[in-house]
Amino acid sequence: MGKVIFITGGARSGKSGFGLCLAEKHGGRLVYIATAQARDREMAERISRHKEARGAAWESVEEPENIAEALHGIEGGTVIIDCLTLWLSNLLEKNGSEGFEEIASGRADSLAGALKNFRGVAIVVSNELGSGIVPADGSARAFRDAAGRVNQIIAQAADEAYLVASGLPVRLK
């Protein structure tokens, strides 16, 4: 089987850049599975900048919901899934907050299985939300709780895990 690397950290901490550096060190076919959706001009510009920064060596797969299935369709190489938090936002919008942690956990279990069966290097990027305050809104709490659970599931499935803060990666396992 392959190798699974989990990277977490706060917003704009440098986790995606760290993931790209790791991926390019592993080499081979480079595939970026993007979960973001260009729902407004700012996000479209952000996505465009990310694509440009990756360069022509990278293949892009845009998949806002079915990332386990997208991973099944890729034969080897090095894959980055960026990011689980946007993926969860997409799922929350589709499913609502009622029972969302269970829905997200089930999807994360499927993803963990797909990652373990991938015959290459899979790098998964996610935001760490657990260091903030408890949100006042129920939907925001459901999202935060689901993100925490999903991060735990994927981190447990990973061979390596990193926390990135201020551009500095700290190896967790």
# chains A, B, ... in the order shown; residues from 1 in each chain; ligands from 1
$ select_by_dssp --residues "chain A" --states "helix (DSSP H, G or I)" --output "number ranges by chain"
A: 15-26, 41-54, 67-72, 84-95, 100-117, 138-157
$ write_last_selection --atoms "C-alpha atoms" --output "tab-separated table (two decimals), in the first residue's frame"
chain	number	residue	atom	x	y	z
A	15	LYS	CA	-0.24	23.94	5.69
A	16	SER	CA	-1.08	23.81	1.96
A	17	GLY	CA	2.37	25.11	1.00
A	18	PHE	CA	3.98	22.53	3.27
A	19	GLY	CA	1.85	19.83	1.65
A	20	LEU	CA	2.92	20.93	-1.84
A	21	CYS	CA	6.59	20.80	-0.82
A	22	LEU	CA	6.17	17.29	0.60
A	23	ALA	CA	4.34	16.16	-2.53
A	24	GLU	CA	7.00	17.47	-4.88
A	25	LYS	CA	9.70	15.66	-2.84
A	26	HIS	CA	7.80	12.39	-3.34
A	41	ARG	CA	-15.36	36.38	-7.18
A	42	GLU	CA	-12.96	36.36	-4.24
A	43	MET	CA	-13.01	32.55	-4.05
A	44	ALA	CA	-12.62	32.24	-7.82
A	45	GLU	CA	-9.53	34.46	-7.64
A	46	ARG	CA	-8.16	32.46	-4.71
A	47	ILE	CA	-8.62	29.19	-6.63
A	48	SER	CA	-6.93	30.71	-9.69
A	49	ARG	CA	-3.92	31.81	-7.59
A	50	HIS	CA	-3.63	28.32	-6.08
A	51	LYS	CA	-3.66	26.69	-9.54
A	52	GLU	CA	-1.05	29.12	-10.82
A	53	ALA	CA	1.19	28.53	-7.79
A	54	ARG	CA	1.06	24.75	-8.32
A	67	ILE	CA	-13.35	12.81	-2.48
A	68	ALA	CA	-13.10	9.09	-1.59
A	69	GLU	CA	-14.54	8.25	-5.00
A	70	ALA	CA	-12.21	10.73	-6.71
A	71	LEU	CA	-9.24	9.07	-4.99
A	72	HIS	CA	-10.39	5.63	-6.22
A	84	LEU	CA	-11.26	18.66	4.50
A	85	THR	CA	-12.74	21.76	6.09
A	86	LEU	CA	-14.12	23.06	2.79
A	87	TRP	CA	-15.33	19.53	2.03
A	88	LEU	CA	-17.22	19.55	5.34
A	89	SER	CA	-18.70	22.97	4.52
A	90	ASN	CA	-20.02	21.53	1.27
A	91	LEU	CA	-21.50	18.51	3.07
A	92	LEU	CA	-23.06	20.67	5.79
A	93	GLU	CA	-24.71	22.87	3.19
A	94	LYS	CA	-26.17	19.80	1.50
A	95	ASN	CA	-27.18	17.85	4.63
A	100	PHE	CA	-24.15	16.13	10.85
A	101	GLU	CA	-21.33	14.76	13.01
A	102	GLU	CA	-22.51	11.21	12.30
A	103	ILE	CA	-22.84	11.91	8.57
A	104	ALA	CA	-19.38	13.48	8.45
A	105	SER	CA	-17.85	10.64	10.49
A	106	GLY	CA	-19.28	8.06	8.10
A	107	ARG	CA	-17.87	9.93	5.11
A	108	ALA	CA	-14.50	10.25	6.90
A	109	ASP	CA	-14.45	6.49	7.58
A	110	SER	CA	-14.97	5.88	3.85
A	111	LEU	CA	-12.22	8.35	3.03
A	112	ALA	CA	-9.86	6.72	5.54
A	113	GLY	CA	-10.44	3.37	3.82
A	114	ALA	CA	-9.78	4.86	0.39
A	115	LEU	CA	-6.61	6.51	1.68
A	116	LYS	CA	-5.32	3.24	3.15
A	117	ASN	CA	-5.95	1.45	-0.18
A	138	GLY	CA	-25.82	25.53	16.74
A	139	SER	CA	-24.91	25.00	13.10
A	140	ALA	CA	-21.41	26.37	13.72
A	141	ARG	CA	-21.01	24.06	16.74
A	142	ALA	CA	-22.13	21.09	14.62
A	143	PHE	CA	-19.52	22.05	12.00
A	144	ARG	CA	-16.75	22.47	14.58
A	145	ASP	CA	-17.61	19.15	16.25
A	146	ALA	CA	-17.72	17.31	12.92
A	147	ALA	CA	-14.38	18.84	11.87
A	148	GLY	CA	-12.79	17.66	15.11
A	149	ARG	CA	-14.13	14.13	14.65
A	150	VAL	CA	-13.12	13.98	10.97
A	151	ASN	CA	-9.62	15.23	11.73
A	152	GLN	CA	-9.24	12.52	14.39
A	153	ILE	CA	-10.38	9.79	11.99
A	154	ILE	CA	-8.00	10.85	9.22
A	155	ALA	CA	-5.09	11.50	11.61
A	156	GLN	CA	-5.51	7.98	13.03
A	157	ALA	CA	-5.43	6.53	9.50
$ select_by_dssp --residues "segment 82-134 of chain A" --states "strand (DSSP E or B)" --output "short mmCIF file (atom, residue, chain, number, x, y, z; two decimals) with N, CA and C atoms, in the first residue's frame"
data_model
loop_
_atom_site.label_atom_id
_atom_site.label_comp_id
_atom_site.auth_asym_id
_atom_site.auth_seq_id
_atom_site.Cartn_x
_atom_site.Cartn_y
_atom_site.Cartn_z
N ASP A 82 -7.15 18.90 -0.61
CA ASP A 82 -7.10 20.19 0.07
C ASP A 82 -8.43 20.92 -0.14
N VAL A 121 1.27 8.13 -2.57
CA VAL A 121 1.33 9.01 -1.40
C VAL A 121 0.10 9.91 -1.42
N ALA A 122 -0.65 9.91 -0.33
CA ALA A 122 -1.83 10.76 -0.21
C ALA A 122 -1.59 11.75 0.93
N ILE A 123 -1.68 13.02 0.62
CA ILE A 123 -1.49 14.09 1.60
C ILE A 123 -2.84 14.77 1.79
N VAL A 124 -3.31 14.82 3.04
CA VAL A 124 -4.63 15.37 3.35
C VAL A 124 -4.45 16.61 4.22
N VAL A 125 -5.04 17.72 3.77
CA VAL A 125 -4.92 19.00 4.47
C VAL A 125 -6.26 19.35 5.11
N SER A 126 -6.20 19.82 6.36
CA SER A 126 -7.42 20.21 7.06
C SER A 126 -7.11 21.32 8.05
N ASN A 127 -8.11 22.13 8.34
CA ASN A 127 -7.95 23.17 9.35
C ASN A 127 -8.15 22.61 10.75
#
$ closest_atom_pairs --of "segment 40-147 of chain A" --to "segment 30-35 of chain A" --cutoff "8 Å" --atoms "only C-alpha atoms" --output "tab-separated table"
residue	atom	partner	partner_atom	distance
A:Ala57	CA	A:Leu30	CA	6.8
A:Trp58	CA	A:Leu30	CA	5.1
A:Glu59	CA	A:Val31	CA	4.7
A:Ser60	CA	A:Tyr32	CA	4.9
A:Val61	CA	A:Ile33	CA	4.7
A:Glu62	CA	A:Ala34	CA	4.8
A:Glu63	CA	A:Thr35	CA	5.2
A:Pro64	CA	A:Thr35	CA	4.1
A:Glu65	CA	A:Thr35	CA	7.1
A:Ile67	CA	A:Ile33	CA	7.5
A:Ala70	CA	A:Ile33	CA	7.8
A:Gly77	CA	A:Leu30	CA	6.1
A:Thr78	CA	A:Leu30	CA	5.1
A:Val79	CA	A:Val31	CA	4.7
A:Ile80	CA	A:Tyr32	CA	4.9
A:Ile81	CA	A:Ile33	CA	4.8
A:Asp82	CA	A:Ala34	CA	5.4
A:Cys83	CA	A:Thr35	CA	6.1
A:Leu84	CA	A:Thr35	CA	7.5
A:Leu86	CA	A:Thr35	CA	6.0
A:Trp87	CA	A:Thr35	CA	5.4
$ closest_residue --among "A:Gly2, A:Gly27, A:Gly76, A:Gly55" --to "Ala158 of chain A" --atoms "only C-alpha atoms"
A:Gly2
